[in-house]
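*Asks:* My structure file coords-v9.cif, mmCIF, C-alpha atoms and all ligand atoms, is below:
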```
data_target
loop_
_atom_site.label_atom_id
_atom_site.label_comp_id
_atom_site.auth_asym_id
_atom_site.auth_seq_id
_atom_site.Cartn_x
_atom_site.Cartn_y
_atom_site.Cartn_z
CA MET A 1034 8.78 -2.19 -25.28
CA LYS A 1035 5.52 -0.77 -23.92
CA LEU A 1036 5.67 -0.09 -20.17
CA ILE A 1037 3.07 0.06 -17.39
CA ASP A 1038 2.90 1.10 -13.73
CA LEU A 1039 0.39 -0.74 -11.55
CA HIS A 1040 1.18 0.82 -8.16
CA THR A 1041 0.72 4.57 -7.54
CA HIS A 1042 -0.68 6.90 -4.88
CA SER A 1043 -2.60 10.18 -5.14
CA THR A 1044 -3.90 12.85 -2.77
CA ALA A 1045 -6.66 10.39 -1.84
CA SER A 1046 -4.03 8.82 0.44
CA ASP A 1047 -0.46 10.02 0.88
CA GLY A 1048 0.52 11.01 -2.66
CA VAL A 1049 1.03 14.52 -3.98
CA LEU A 1050 -0.77 14.49 -7.36
CA THR A 1051 -4.55 14.42 -7.62
CA PRO A 1052 -6.00 11.24 -9.13
CA ALA A 1053 -6.60 13.01 -12.46
CA LEU A 1054 -3.02 14.25 -12.52
CA VAL A 1055 -1.70 10.72 -11.92
CA ALA A 1056 -3.61 9.66 -15.05
CA ARG A 1057 -2.25 12.63 -16.97
CA ALA A 1058 1.33 12.04 -15.80
CA ALA A 1059 1.04 8.44 -17.00
CA ALA A 1060 -0.07 9.68 -20.42
CA GLU A 1061 2.86 12.10 -20.56
CA ALA A 1062 5.24 9.28 -19.59
CA GLY A 1063 3.86 7.24 -22.51
CA LEU A 1064 2.72 4.35 -20.31
CA ALA A 1065 0.34 1.75 -21.73
CA ALA A 1066 -1.47 1.38 -18.39
CA VAL A 1067 -1.45 2.84 -14.89
CA ALA A 1068 -3.19 1.71 -11.71
CA LEU A 1069 -4.16 4.03 -8.87
CA THR A 1070 -3.74 2.09 -5.61
CA ASP A 1071 -4.28 4.43 -2.68
CA HIS A 1072 -3.95 3.14 0.90
CA ASP A 1073 -7.18 1.72 2.29
CA THR A 1074 -9.42 3.91 0.13
CA THR A 1075 -11.14 3.93 -3.25
CA GLU A 1076 -12.07 7.59 -2.90
CA GLY A 1077 -9.84 8.80 -5.74
CA LEU A 1078 -10.98 6.24 -8.30
CA ALA A 1079 -13.98 8.07 -9.76
CA GLU A 1080 -11.87 11.13 -10.58
CA PHE A 1081 -9.06 8.89 -11.83
CA LEU A 1082 -11.29 6.92 -14.20
CA SER A 1083 -12.97 10.08 -15.50
CA ALA A 1084 -9.56 11.32 -16.63
CA ALA A 1085 -9.40 8.62 -19.35
CA GLN A 1086 -8.28 9.95 -22.74
CA PRO A 1087 -8.68 8.32 -26.15
CA GLY A 1088 -5.31 6.84 -27.04
CA GLY A 1089 -4.12 7.38 -23.46
CA PRO A 1090 -3.04 4.75 -20.97
CA GLU A 1091 -5.46 2.12 -19.74
CA LEU A 1092 -6.60 3.27 -16.28
CA VAL A 1093 -6.80 0.47 -13.72
CA PRO A 1094 -8.84 1.17 -10.56
CA GLY A 1095 -7.02 -0.26 -7.57
CA VAL A 1096 -6.41 -0.14 -3.83
CA GLU A 1097 -3.60 -1.08 -1.41
CA LEU A 1098 -4.60 -2.70 1.87
CA SER A 1099 -2.49 -3.17 5.01
CA VAL A 1100 -3.03 -6.73 6.09
CA ALA A 1101 -1.92 -8.72 9.13
CA ARG A 1102 0.92 -11.02 8.17
CA PRO A 1103 0.45 -14.56 9.40
CA GLY A 1104 3.00 -14.84 12.22
CA GLY A 1105 3.19 -11.11 13.01
CA GLY A 1106 3.83 -7.79 11.31
CA SER A 1107 2.03 -6.70 8.19
CA ILE A 1108 1.97 -7.11 4.44
CA HIS A 1109 0.53 -4.89 1.74
CA LEU A 1110 -2.02 -6.31 -0.62
CA LEU A 1111 -2.92 -4.64 -3.91
CA GLY A 1112 -6.32 -5.04 -5.52
CA LEU A 1113 -6.33 -4.32 -9.26
CA TRP A 1114 -9.54 -3.65 -11.23
CA VAL A 1115 -11.66 -3.35 -8.10
CA ASP A 1116 -15.17 -2.00 -8.57
CA PRO A 1117 -15.01 1.27 -6.57
CA GLY A 1118 -18.62 1.26 -5.40
CA GLU A 1119 -18.80 -2.39 -4.34
CA PRO A 1120 -20.60 -2.26 -0.95
CA ARG A 1121 -18.71 -4.95 0.99
CA LEU A 1122 -15.34 -3.54 -0.02
CA GLU A 1123 -16.48 -0.02 0.93
CA LYS A 1124 -17.71 -1.26 4.31
CA GLY A 1125 -14.41 -3.04 4.96
CA LEU A 1126 -12.42 0.07 4.08
CA GLU A 1127 -14.62 2.23 6.29
CA ARG A 1128 -13.88 -0.11 9.22
CA VAL A 1129 -10.12 0.16 8.60
CA GLN A 1130 -10.27 3.97 8.42
CA GLN A 1131 -12.36 4.12 11.59
CA ALA A 1132 -9.80 2.00 13.48
CA ARG A 1133 -7.02 4.26 12.26
CA ARG A 1134 -8.85 7.39 13.41
CA GLU A 1135 -9.35 5.82 16.85
CA ARG A 1136 -5.78 4.65 17.31
CA ASN A 1137 -4.07 8.03 17.65
CA PRO A 1138 -6.43 9.48 20.30
CA LYS A 1139 -5.99 6.21 22.22
CA MET A 1140 -2.22 6.71 22.21
CA VAL A 1141 -2.67 10.31 23.38
CA ALA A 1142 -4.87 9.04 26.24
CA ARG A 1143 -2.26 6.45 27.26
CA LEU A 1144 0.47 9.10 27.36
CA ARG A 1145 -1.69 11.44 29.43
CA GLU A 1146 -2.38 8.61 31.87
CA MET A 1147 1.39 8.35 32.25
CA GLY A 1148 1.57 12.05 33.12
CA VAL A 1149 2.73 13.34 29.74
CA GLU A 1150 0.95 16.56 28.79
CA ILE A 1151 0.18 15.99 25.15
CA ALA A 1152 -2.77 16.88 22.92
CA MET A 1153 -3.97 15.35 19.68
CA GLU A 1154 -3.69 18.77 18.00
CA GLU A 1155 0.05 18.85 18.72
CA VAL A 1156 0.58 15.47 17.09
CA GLU A 1157 -1.52 16.51 14.09
CA ALA A 1158 0.54 19.69 13.76
CA ALA A 1159 3.72 17.60 13.78
CA ALA A 1160 2.27 15.56 10.89
CA GLY A 1161 1.72 18.76 8.91
CA GLY A 1162 -1.79 17.78 7.88
CA GLY A 1163 -0.78 14.33 6.60
CA GLN A 1164 -1.51 10.89 8.02
CA VAL A 1165 -0.52 10.83 11.71
CA GLY A 1166 1.86 8.11 12.83
CA ARG A 1167 4.15 7.23 15.71
CA PRO A 1168 7.09 9.30 14.35
CA HIS A 1169 4.94 12.40 14.92
CA PHE A 1170 4.25 11.37 18.52
CA ALA A 1171 7.98 10.89 18.98
CA GLN A 1172 8.70 14.34 17.57
CA VAL A 1173 6.27 15.98 19.99
CA LEU A 1174 7.82 14.13 22.94
CA VAL A 1175 11.26 15.39 21.91
CA ASP A 1176 10.01 18.96 21.37
CA LYS A 1177 8.46 18.96 24.84
CA GLY A 1178 11.67 17.70 26.43
CA VAL A 1179 9.94 14.55 27.71
CA VAL A 1180 12.71 12.53 26.06
CA HIS A 1181 16.08 13.45 24.60
CA ASN A 1182 15.65 11.97 21.16
CA LEU A 1183 13.36 10.00 18.86
CA GLY A 1184 14.97 6.70 19.81
CA GLU A 1185 14.22 7.26 23.47
CA ALA A 1186 10.63 8.22 22.61
CA PHE A 1187 10.14 4.88 20.87
CA GLY A 1188 12.04 2.90 23.49
CA ARG A 1189 10.21 4.29 26.51
CA TYR A 1190 6.76 4.96 25.11
CA LEU A 1191 5.98 4.10 21.50
CA LYS A 1192 7.57 0.87 20.36
CA ARG A 1193 5.46 -2.24 20.12
CA GLY A 1194 4.95 -3.48 23.69
CA ALA A 1195 5.79 -0.09 25.26
CA PRO A 1196 3.14 1.48 27.53
CA ALA A 1197 1.71 4.01 25.04
CA TYR A 1198 1.68 1.61 22.09
CA VAL A 1199 -1.73 0.74 20.69
CA GLU A 1200 -1.93 -2.18 18.29
CA LYS A 1201 -2.84 -1.27 14.70
CA GLN A 1202 -6.07 -2.83 13.54
CA ARG A 1203 -5.42 -4.74 10.34
CA LEU A 1204 -7.54 -6.87 8.11
CA GLU A 1205 -6.83 -10.57 8.22
CA PRO A 1206 -5.36 -11.79 4.92
CA GLY A 1207 -8.26 -14.08 4.04
CA GLU A 1208 -10.75 -11.32 4.73
CA ALA A 1209 -8.78 -8.79 2.66
CA MET A 1210 -8.54 -11.22 -0.27
CA ALA A 1211 -12.30 -11.87 -0.11
CA LEU A 1212 -13.05 -8.11 -0.09
CA ILE A 1213 -10.87 -7.48 -3.15
CA ARG A 1214 -12.00 -10.54 -5.09
CA GLY A 1215 -15.61 -9.85 -4.18
CA ALA A 1216 -15.20 -6.43 -5.81
CA GLY A 1217 -13.86 -8.07 -8.97
CA GLY A 1218 -10.22 -7.26 -8.16
CA VAL A 1219 -7.04 -9.25 -8.74
CA THR A 1220 -5.13 -9.78 -5.45
CA VAL A 1221 -1.41 -9.00 -5.68
CA LEU A 1222 1.18 -9.15 -2.88
CA ALA A 1223 2.90 -5.74 -2.96
CA HIS A 1224 6.70 -5.35 -2.78
CA PRO A 1225 7.52 -8.80 -1.35
CA GLY A 1226 11.22 -7.89 -1.45
CA LEU A 1227 10.73 -5.31 1.30
CA LEU A 1228 9.83 -8.11 3.71
CA GLU A 1229 13.50 -9.14 3.60
CA LEU A 1230 12.70 -12.79 4.16
CA HIS A 1231 14.85 -15.77 3.38
CA PRO A 1232 13.70 -17.09 -0.03
CA LEU A 1233 12.35 -20.31 1.49
CA VAL A 1234 10.42 -18.43 4.18
CA LEU A 1235 9.02 -16.06 1.56
CA GLU A 1236 7.96 -18.97 -0.64
CA LYS A 1237 6.12 -20.55 2.28
CA LEU A 1238 4.41 -17.27 3.09
CA VAL A 1239 3.34 -16.69 -0.52
CA ALA A 1240 2.12 -20.28 -0.90
CA GLY A 1241 0.03 -19.82 2.25
CA LEU A 1242 -1.38 -16.56 0.89
CA LYS A 1243 -2.23 -18.28 -2.38
CA ASP A 1244 -4.35 -20.74 -0.44
CA LEU A 1245 -6.19 -17.71 0.99
CA GLY A 1246 -6.87 -16.24 -2.46
CA LEU A 1247 -3.68 -14.53 -3.63
CA MET A 1248 -3.52 -14.29 -7.43
CA GLY A 1249 -0.29 -12.45 -8.17
CA ILE A 1250 2.92 -10.92 -6.84
CA GLU A 1251 4.61 -7.60 -7.53
CA ALA A 1252 7.93 -8.86 -8.85
CA TYR A 1253 8.88 -5.57 -10.54
CA TYR A 1254 9.21 -2.80 -7.95
CA SER A 1255 11.26 0.38 -7.56
CA GLU A 1256 13.19 -0.92 -4.57
CA HIS A 1257 13.69 -4.52 -5.66
CA LYS A 1258 17.22 -5.44 -6.60
CA PRO A 1259 17.64 -7.26 -9.94
CA SER A 1260 18.36 -10.47 -8.00
CA GLN A 1261 15.11 -10.10 -6.07
CA GLU A 1262 13.22 -9.46 -9.28
CA ARG A 1263 14.58 -12.69 -10.74
CA GLN A 1264 13.82 -14.61 -7.55
CA LEU A 1265 10.23 -13.32 -7.49
CA LEU A 1266 9.66 -14.10 -11.18
CA GLY A 1267 10.80 -17.65 -10.44
CA LEU A 1268 8.55 -17.85 -7.41
CA ALA A 1269 5.53 -16.67 -9.41
CA ALA A 1270 6.22 -19.26 -12.10
CA ARG A 1271 6.60 -22.10 -9.57
CA LEU A 1272 3.40 -21.21 -7.71
CA GLY A 1273 1.38 -20.37 -10.83
CA LEU A 1274 0.82 -16.74 -9.82
CA ALA A 1275 0.43 -13.76 -12.13
CA VAL A 1276 3.20 -11.14 -12.15
CA SER A 1277 2.64 -7.43 -11.55
CA GLY A 1278 4.88 -4.42 -11.20
CA GLY A 1279 4.83 -0.80 -10.21
CA SER A 1280 6.79 2.14 -8.89
CA ASP A 1281 4.86 3.01 -5.69
CA PHE A 1282 4.89 6.58 -6.98
CA HIS A 1283 3.91 9.17 -4.31
CA GLY A 1284 5.19 12.33 -6.00
CA ALA A 1285 7.36 14.55 -3.82
CA ASN A 1286 6.32 12.55 -0.73
CA LYS A 1287 8.67 9.82 -1.92
CA PRO A 1288 11.42 11.71 -3.69
CA GLY A 1289 13.44 9.84 -6.24
CA ILE A 1290 10.59 7.52 -7.32
CA ARG A 1291 9.32 8.42 -10.79
CA LEU A 1292 6.06 7.26 -12.29
CA GLY A 1293 6.70 4.30 -14.56
CA ALA A 1294 10.45 4.46 -14.00
CA GLY A 1295 10.99 4.07 -10.24
CA GLN A 1296 14.55 5.06 -9.36
CA GLY A 1297 15.26 5.23 -13.10
CA THR A 1298 15.74 1.57 -13.95
CA LEU A 1299 12.27 0.14 -13.35
CA ARG A 1300 10.73 -1.33 -16.50
CA VAL A 1301 7.41 -3.10 -16.08
CA PRO A 1302 6.48 -4.74 -19.39
CA ALA A 1303 2.93 -4.15 -20.65
CA ALA A 1304 2.85 -7.84 -21.59
CA LEU A 1305 2.10 -8.58 -17.91
CA LEU A 1306 -1.41 -7.19 -18.40
CA ALA A 1307 -2.48 -10.34 -20.22
CA GLY A 1308 -1.70 -12.64 -17.28
CA LEU A 1309 -3.31 -10.31 -14.76
CA LYS A 1310 -6.45 -9.97 -16.86
CA GLN A 1311 -6.60 -13.72 -17.28
CA ALA A 1312 -6.56 -13.97 -13.47
CA ARG A 1313 -9.27 -11.32 -13.27
CA ASP A 1314 -11.46 -13.18 -15.73
CA THR A 1315 -11.40 -16.32 -13.57
CA LEU A 1316 -13.32 -14.41 -10.88
CA ALA A 1317 -17.05 -15.10 -10.88
CA ARG A 1318 -18.65 -11.69 -11.25
ZN ZN B 1401 3.00 -0.67 0.27
ZN ZN B 1402 2.06 1.77 -2.16
#
```
Rewrite the structure of this file - the entire thing - as structure tokens.
Ligand SMILES: [Zn+2]
Ligand SMILES: [Zn+2]

*Replies:*
Amino acid sequence: MKLIDLHTHSTASDGVLTPALVARAAAEAGLAAVALTDHDTTEGLAEFLSAAQPGGPELVPGVELSVARPGGGSIHLLGLWVDPGEPRLEKGLERVQQARRERNPKMVARLREMGVEIAMEEVEAAAGGGQVGRPHFAQVLVDKGVVHNLGEAFGRYLKRGAPAYVEKQRLEPGEAMALIRGAGGVTVLAHPGLLELHPLVLEKLVAGLKDLGLMGIEAYYSEHKPSQERQLLGLAARLGLAVSGGSDFHGANKPGIRLGAGQGTLRVPAALLAGLKQARDTLAR
């Protein structure tokens, strides 16, 4: 059986391999297709697509967006076959990246207002050059002796609702779907199993997302149990959604997840491409 992997990350977001090396690794793994789906950016796609080889895997340009979940929290939305240069998508992504850049300095300012001597540079150092997040703030607070441990850092300062917490700016689901579809991309709900919802609640959520433009769900995923995979395949069939699958490969940043194989047992059949492409072809270009 020919296999594919439609969910991977490169150095354009938080992966370890360059976009070209993701393409090459997919060729070496004998995959029939691979999608590059970096977080909130299409920056790696030109390099990725230029790494195409005759007889090699089909290279699918993609993106993974963090989206507000109706009712609180967030979901991840994949866009497959997006047109990297499409202006409205690029503008939307720029807005998301801008909000992310502004969030961390805001949290630093809140902490300083509370009398905590902390500088953005210290938090960046704790992140080791990668994307800065609240765990890095917590680490700095521990290192400075402001709190005793990471749990206390979150409890007193950083958890949602705590004084130094700044809300993450996320795209609304309808807006995110429109951006992806407008760029010719197929919208796929990433790793629904990680939401850990009761099946009926999940079905309601997915049905609501379908009304907003969702076209497929990622039933095959490294961290889905076989029972979840079956449940999600059933859900896709009931709601008339396409099925996708991928490893969420990040290289050494997510140890134990292999390209095209996940934790070793992931098998995403290449036959899924037909349904996804059918969905893509329904989009007015
Ligand atoms: Zn994700
Ligand atoms: Zn991902």

*Asks:* Could you report the residues within 10 Å of ligand ZN 1402 (chain B), using all atoms listed in the file, as number ranges by chain?

*Replies:* A: 1039-1042, 1046-1048, 1069-1072, 1096-1099, 1109-1111, 1223-1224, 1279-1283

*Asks:* Write the residues you've just listed into a file as a tab-separated table (two decimals), in the coordinates of the input, and include C-alpha atoms for each of them.

*Replies:*
```tsv
chain	number	residue	atom	x	y	z
A	1039	LEU	CA	0.39	-0.74	-11.55
A	1040	HIS	CA	1.18	0.82	-8.16
A	1041	THR	CA	0.72	4.57	-7.54
A	1042	HIS	CA	-0.68	6.90	-4.88
A	1046	SER	CA	-4.03	8.82	0.44
A	1047	ASP	CA	-0.46	10.02	0.88
A	1048	GLY	CA	0.52	11.01	-2.66
A	1069	LEU	CA	-4.16	4.03	-8.87
A	1070	THR	CA	-3.74	2.09	-5.61
A	1071	ASP	CA	-4.28	4.43	-2.68
A	1072	HIS	CA	-3.95	3.14	0.90
A	1096	VAL	CA	-6.41	-0.14	-3.83
A	1097	GLU	CA	-3.60	-1.08	-1.41
A	1098	LEU	CA	-4.60	-2.70	1.87
A	1099	SER	CA	-2.49	-3.17	5.01
A	1109	HIS	CA	0.53	-4.89	1.74
A	1110	LEU	CA	-2.02	-6.31	-0.62
A	1111	LEU	CA	-2.92	-4.64	-3.91
A	1223	ALA	CA	2.90	-5.74	-2.96
A	1224	HIS	CA	6.70	-5.35	-2.78
A	1279	GLY	CA	4.83	-0.80	-10.21
A	1280	SER	CA	6.79	2.14	-8.89
A	1281	ASP	CA	4.86	3.01	-5.69
A	1282	PHE	CA	4.89	6.58	-6.98
A	1283	HIS	CA	3.91	9.17	-4.31
```

*Asks:* Using only C-alpha atoms for the distances, tell me which of A:Val1149, A:Pro1206, A:Lys1258, A:Pro1225 is nearest to Gln1296 (chain A).

*Replies:*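 Residue with the minimum atom-to-atom distance to Gln1296 (chain A): A:Lys1258.
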
*Asks:* My list of candidates is A:Ile1108, A:Ala1053, A:Ala1307, A:Leu1268. Which is closest to ligand ZN 1401 (chain B) when distances are computed with only C-alpha atoms and all ligand atoms?

*Replies:*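 With only C-alpha atoms and all ligand atoms as the atom set, the closest residue is A:Ile1108.
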
*Asks:* Let me make sure I understand: among A:Ala1294, A:Leu1274, A:Ala1059, A:Leu1122, which one has the smallest atom-to-atom distance to Met1210 (chain A) if we use all atoms listed in the file?

*Replies:*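 That would be A:Leu1122, the residue with the smallest distance to Met1210 (chain A).
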
*Asks:* Which one of A:Thr1075, A:Ser1107, A:Ser1277, A:Ser1083 sits closest to ligand ZN 1401 (chain B) if you count all atoms listed in the file?

*Replies:*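 Smallest separation from ligand ZN 1401 (chain B) among the options: A:Ser1107.
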
*Asks:* Taking into account only C-alpha atoms and all ligand atoms, which residue in the set A:Met1147, A:Leu1265, A:Val1100, A:Val1156 is nearest to ligand ZN 1401 (chain B)?

*Replies:* A:Val1100

*Asks:* What does the distance from CA of Leu1245 (chain A) to CA of Gly1207 (chain A) come to in Å, to one decimal?

*Replies:*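 If I compute the distance from CA of Leu1245 (chain A) to CA of Gly1207 (chain A), I get 5.2 Å.
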
*Asks:* Quick one: of A:Gly1246, A:Gly1284, A:Pro1090, A:Gly1077, who's nearest to Ala1062 (chain A), counting only C-alpha atoms?

*Replies:*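 For Ala1062 (chain A), the nearest of the candidates is A:Pro1090.
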
*Asks:* I'd like the interatomic distance between CA of Ala1240 (chain A) and CA of Leu1306 (chain A), to a tenth of an Å.

*Replies:* 22.1 Å

*Asks:* Quote the spacing between CA of Pro1120 (chain A) and CA of Glu1251 (chain A) in Å to one decimal place.

*Replies:*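 Between CA of Pro1120 (chain A) and CA of Glu1251 (chain A) the gap works out to 26.6 Å.
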
*Asks:* Mind checking which residues fall within 10 Å of Glu1135 (chain A), counting all atoms listed in the file, ignoring those fewer than 6 positions away in the same chain, and posting them as a PyMOL selection string?

*Replies:* chain A and resi 1199+1201-1202

*Asks:* Output C-alpha atoms of each residue in that selection to a file, as a PDB file, in the frame of the given file.

*Replies:*
```pdb
ATOM      1  CA  VAL A1199      -1.730   0.740  20.690  1.00  0.00           C
ATOM      2  CA  LYS A1201      -2.840  -1.270  14.700  1.00  0.00           C
ATOM      3  CA  GLN A1202      -6.070  -2.830  13.540  1.00  0.00           C
TER       4      GLN A1202
END
```

*Asks:* Which residues are near region 1078-1081 of chain A? Cut-off 8 Å, all atoms listed in the file, ignore same chain within fewer than 4 positions. Put them as a PyMOL selection string.

*Replies:* chain A and resi 1052-1053+1055-1056+1069+1085+1092+1094-1095+1117
